[in-house]
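Chemist: For reference, the file target_5.txt (compact mmCIF, C-alpha atoms) is included below:
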```txt
# COMPACT_ATOMS: atom_id res chain seq x y z
CA MET D 9 77.60 97.64 107.97
CA THR D 10 80.33 95.22 106.89
CA LYS D 11 82.79 92.87 108.55
CA PRO D 12 86.46 93.82 108.70
CA VAL D 13 88.55 92.61 105.76
CA GLY D 14 91.25 90.18 106.90
CA HIS D 15 94.80 89.77 105.67
CA LEU D 16 95.56 90.59 102.04
CA GLN D 17 98.99 90.27 100.46
CA PRO D 18 100.56 93.63 99.46
CA PRO D 19 101.10 95.23 97.07
CA TYR D 20 97.46 95.88 96.18
CA TYR D 21 95.20 98.95 96.01
CA ALA D 22 92.78 100.61 98.43
CA VAL D 23 90.12 103.19 97.57
CA ILE D 24 89.28 105.33 100.60
CA PHE D 25 85.87 106.90 100.11
CA THR D 26 84.83 109.47 102.72
CA SER D 27 81.37 111.00 102.57
CA LEU D 28 79.20 113.32 104.58
CA HIS D 29 75.53 112.82 103.89
CA SER D 30 72.68 115.18 103.40
CA SER D 31 69.35 114.03 104.80
CA GLU D 32 67.93 113.80 101.25
CA ASP D 33 66.45 110.47 100.38
CA TYR D 34 68.49 108.43 102.84
CA ASP D 35 66.48 105.25 102.22
CA SER D 36 67.30 105.22 98.52
CA TYR D 37 70.96 105.86 99.40
CA GLU D 38 71.08 102.84 101.73
CA LYS D 39 69.44 100.57 99.21
CA THR D 40 71.85 101.67 96.48
CA ALA D 41 74.86 101.38 98.81
CA LEU D 42 74.01 97.75 99.56
CA ARG D 43 73.55 97.06 95.85
CA MET D 44 76.95 98.66 95.08
CA VAL D 45 78.68 96.42 97.64
CA GLU D 46 77.06 93.41 95.96
CA LEU D 47 78.01 94.63 92.48
CA ALA D 48 81.58 95.56 93.45
CA ALA D 49 82.09 92.04 94.80
CA GLU D 50 81.31 90.64 91.32
CA GLN D 51 84.02 92.71 89.61
CA GLU D 52 87.32 91.36 88.37
CA GLY D 53 90.11 92.25 90.81
CA PHE D 54 87.86 92.97 93.78
CA LEU D 55 89.47 91.88 97.08
CA GLY D 56 87.13 93.20 99.79
CA ILE D 57 85.21 96.13 101.23
CA GLU D 58 84.64 97.56 104.69
CA SER D 59 82.50 100.46 105.77
CA ALA D 60 81.81 102.28 109.02
CA SER D 61 79.16 104.70 110.35
CA GLY D 62 75.65 104.99 109.05
CA ASP D 63 74.26 108.24 110.41
CA PHE D 64 73.60 110.95 107.88
CA ASP D 65 75.12 113.65 110.07
CA LYS D 66 78.44 111.87 110.56
CA PRO D 67 81.19 110.98 108.11
CA ARG D 68 81.00 107.55 106.55
CA ILE D 69 84.25 105.86 105.56
CA THR D 70 84.17 103.03 103.04
CA VAL D 71 87.39 101.32 101.97
CA SER D 72 87.42 98.91 99.05
CA TYR D 73 90.44 96.81 98.12
CA TRP D 74 91.51 95.91 94.59
CA ARG D 75 94.18 93.82 92.90
CA ASP D 76 95.44 96.66 90.68
CA ILE D 77 94.67 100.11 89.30
CA ASP D 78 92.94 98.73 86.19
CA SER D 79 90.35 96.96 88.35
CA ILE D 80 89.57 100.30 90.01
CA LYS D 81 89.25 102.05 86.63
CA ASN D 82 86.88 99.36 85.34
CA TRP D 83 84.74 99.59 88.47
CA ARG D 84 84.59 103.37 88.16
CA GLU D 85 83.32 102.99 84.58
CA ASN D 86 80.72 100.30 85.37
CA ALA D 87 77.38 101.52 83.97
CA GLU D 88 75.23 100.83 87.03
CA HIS D 89 77.93 102.26 89.30
CA LYS D 90 78.09 105.46 87.20
CA ILE D 91 74.36 106.06 87.76
CA ALA D 92 74.90 105.63 91.52
CA GLN D 93 77.88 108.02 91.43
CA GLU D 94 75.75 110.66 89.73
CA LYS D 95 72.96 110.30 92.30
CA GLY D 96 75.54 110.56 95.06
CA ARG D 97 76.94 113.81 93.70
CA SER D 98 73.57 115.39 92.96
CA LEU D 99 71.51 114.11 95.88
CA TRP D 100 73.08 112.18 98.73
CA TYR D 101 76.44 113.75 99.55
CA LYS D 102 77.14 117.07 101.18
CA HIS D 103 80.77 116.18 100.78
CA TYR D 104 82.77 113.32 99.32
CA ARG D 105 86.41 112.53 98.66
CA ILE D 106 88.06 109.55 97.00
CA ARG D 107 91.67 108.56 97.56
CA ILE D 108 93.42 105.93 95.42
CA CYS D 109 96.21 104.28 97.40
CA LEU D 110 98.87 101.64 96.92
CA VAL D 111 98.94 99.43 100.02
CA GLU D 112 102.62 98.78 100.69
CA HIS D 113 102.52 96.98 104.06
CA GLU D 114 99.95 95.60 106.44
CA TYR D 115 99.90 93.89 109.81
CA GLY D 116 97.38 92.86 112.42
CA ASP D 117 96.47 90.23 114.91
CA ARG D 118 95.20 87.41 112.71
CA ASN D 119 94.02 86.48 109.23
CA MET A 26 83.79 111.29 115.71
CA THR A 27 85.85 113.50 113.43
CA LYS A 28 85.23 115.79 110.46
CA PRO A 29 86.21 114.64 106.99
CA VAL A 30 89.72 115.59 105.92
CA GLY A 31 89.66 117.91 102.89
CA HIS A 32 91.98 118.04 99.90
CA LEU A 33 95.60 117.01 100.42
CA GLN A 34 98.22 117.05 97.67
CA PRO A 35 99.46 113.57 96.64
CA PRO A 36 101.81 111.83 97.00
CA TYR A 37 101.43 111.35 100.76
CA TYR A 38 100.67 108.43 103.06
CA ALA A 39 97.53 107.02 104.64
CA VAL A 40 97.31 104.58 107.55
CA ILE A 41 94.05 102.63 107.45
CA PHE A 42 93.32 101.24 110.90
CA THR A 43 90.35 98.86 111.15
CA SER A 44 89.31 97.53 114.54
CA LEU A 45 86.56 95.44 116.04
CA HIS A 46 86.09 96.13 119.72
CA SER A 47 85.47 93.92 122.66
CA SER A 48 83.17 95.32 125.32
CA GLU A 49 86.08 95.48 127.79
CA ASP A 50 86.62 98.86 129.34
CA TYR A 51 85.09 100.89 126.51
CA ASP A 52 85.22 104.14 128.48
CA SER A 53 88.98 103.96 128.91
CA TYR A 54 89.27 103.17 125.19
CA GLU A 55 87.30 106.26 124.20
CA LYS A 56 89.31 108.52 126.47
CA THR A 57 92.59 107.15 125.11
CA ALA A 58 91.36 107.36 121.49
CA LEU A 59 90.60 111.08 121.90
CA ARG A 60 94.01 111.62 123.50
CA MET A 61 95.72 109.78 120.61
CA VAL A 62 93.98 112.03 118.04
CA GLU A 63 95.25 115.05 120.00
CA LEU A 64 98.76 113.62 120.28
CA ALA A 65 98.93 112.52 116.61
CA ALA A 66 98.04 116.06 115.55
CA GLU A 67 101.15 117.34 117.36
CA GLN A 68 103.51 115.05 115.43
CA GLU A 69 105.84 116.15 112.65
CA GLY A 70 104.37 115.20 109.26
CA PHE A 71 100.78 114.75 110.47
CA LEU A 72 98.25 115.86 107.82
CA GLY A 73 94.87 114.82 109.22
CA ILE A 74 92.72 112.08 110.69
CA GLU A 75 89.16 110.84 110.17
CA SER A 76 87.29 108.13 111.97
CA ALA A 77 83.88 106.48 111.65
CA SER A 78 81.64 104.29 113.85
CA GLY A 79 81.72 104.15 117.59
CA ASP A 80 79.79 101.06 118.64
CA PHE A 81 81.80 98.29 120.20
CA ASP A 82 80.07 95.61 118.15
CA LYS A 83 80.76 97.21 114.77
CA PRO A 84 84.01 97.81 112.91
CA ARG A 85 85.64 101.17 113.46
CA ILE A 86 87.72 102.64 110.62
CA THR A 87 90.25 105.34 111.38
CA VAL A 88 92.39 106.79 108.61
CA SER A 89 95.31 109.08 109.44
CA TYR A 90 97.29 110.95 106.79
CA TRP A 91 101.02 111.61 106.88
CA ARG A 92 103.61 113.46 104.83
CA ASP A 93 105.94 110.47 104.48
CA ILE A 94 106.78 107.02 105.80
CA ASP A 95 109.24 108.35 108.38
CA SER A 96 106.47 110.37 110.05
CA ILE A 97 104.45 107.16 110.40
CA LYS A 98 107.43 105.29 111.87
CA ASN A 99 108.07 108.05 114.40
CA TRP A 100 104.42 108.08 115.43
CA ARG A 101 104.43 104.32 115.84
CA GLU A 102 107.41 104.62 118.18
CA ASN A 103 105.99 107.50 120.24
CA ALA A 104 106.18 106.42 123.90
CA GLU A 105 102.64 107.37 124.92
CA HIS A 106 101.28 105.89 121.71
CA LYS A 107 103.12 102.61 122.38
CA ILE A 108 101.36 102.27 125.74
CA ALA A 109 98.00 102.80 124.01
CA GLN A 110 98.89 100.23 121.30
CA GLU A 111 99.67 97.66 123.99
CA LYS A 112 96.36 98.31 125.79
CA GLY A 113 94.56 98.00 122.45
CA ARG A 114 96.10 94.62 121.73
CA SER A 115 95.62 93.22 125.23
CA LEU A 116 92.28 94.75 126.19
CA TRP A 117 90.22 96.68 123.65
CA TYR A 118 90.41 94.97 120.28
CA LYS A 119 88.90 91.68 119.26
CA HIS A 120 90.48 92.33 115.89
CA TYR A 121 92.69 94.99 114.36
CA ARG A 122 94.54 95.53 111.10
CA ILE A 123 96.80 98.33 109.96
CA ARG A 124 97.50 99.12 106.32
CA ILE A 125 100.24 101.54 105.25
CA CYS A 126 99.37 103.12 101.90
CA LEU A 127 100.84 105.56 99.43
CA VAL A 128 98.07 107.90 98.25
CA GLU A 129 98.66 108.35 94.53
CA HIS A 130 95.55 110.30 93.46
CA GLU A 131 92.57 111.95 95.05
CA TYR A 132 89.48 113.80 93.94
CA GLY A 133 86.25 115.09 95.41
CA ASP A 134 83.76 117.87 95.35
CA ARG A 135 85.60 120.68 97.11
CA ASN A 136 88.58 121.57 99.29
```
So that I can check it, write out the structure of this file as structure tokens.
Modeler:
Amino acid sequence: MTKPVGHLQPPYYAVIFTSLHSSEDYDSYEKTALRMVELAAEQEGFLGIESASGDFDKPRITVSYWRDIDSIKNWRENAEHKIAQEKGRSLWYKHYRIRICLVEHEYGDRN
Amino acid sequence: MTKPVGHLQPPYYAVIFTSLHSSEDYDSYEKTALRMVELAAEQEGFLGIESASGDFDKPRITVSYWRDIDSIKNWRENAEHKIAQEKGRSLWYKHYRIRICLVEHEYGDRN
């Protein structure tokens, strides 16, 4: 779905979002997911997002990166995002889990 | 590839591993990846692993969870794992990035 996010300078925050999808209304999920990526990218403190797997019978992992914890709190409270969260809980997800993490170190092969 | 990891009690560590694969020797990659999941699960301090996407032209995200930073260091230095890391860098990955994160909070819908 998305390109890998290149080098970011720690410390910063990551939100690891793991979900297992029901087959309910997958088209509306995909449309909303794309909109949420677009909307997240407009938020103060947003650094990047990457996501893997699209099948509704397999776990999806989406990781978004943020400058600080306040940026994450603001994004969580965004009105349009809150509607999407509610639809996710009631309709799209068989399972979901959100982990808020401080990225302390990173390394890789290039920027 | 793997089931979602359920509730874990923070604080603990996550290693976010993002990779973009070349088409080189994908079969040997898959075999080694499965072996690394098996081997990681035998390590002291291992809490769980989840992985999404399998196509060689899309990003794969693998997140492993660990009790503490020393467990991650020991795993990184594991002899068999080091051989796999070297093959990854030289053969399998067009791109990779590893982020070491302290998980401060988590929430979700069930255990």
Chemist: Could you check which of D:His89, D:Cys109, D:Ile57, D:Glu46 is closest to Ile86 (chain A), using all atoms listed in the file?
Modeler: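 With all atoms listed in the file as the atom set, the closest residue is D:Ile57.
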Chemist: Would you mind listing, as a ChimeraX atom specification, all residues of chain D that have at least one atom within 8 Å of chain A, where only C-alpha atoms are what counts?
Modeler: /D:9-12,14-15,22,26-28,59-62,66-69,103-118
Chemist: Figure out the distance between CA of Lys112 (chain A) and CA of Ser48 (chain A), please, to one decimal in Å.
Modeler: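 Between CA of Ser48 (chain A) and CA of Lys112 (chain A) the gap works out to 13.5 Å.
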Chemist: Just to confirm, what's the straight-line distance from CA of Ile80 (chain D) to CA of Phe54 (chain D) in Å (one decimal)?
Modeler: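 So the answer is 8.4 Å.
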Chemist: Would you work out the distance separating CA of Glu94 (chain D) from CA of Tyr73 (chain D), expressed in Å to one decimal?
Modeler: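 Going from CA of Glu94 (chain D) over to CA of Tyr73 (chain D), I get 21.9 Å.
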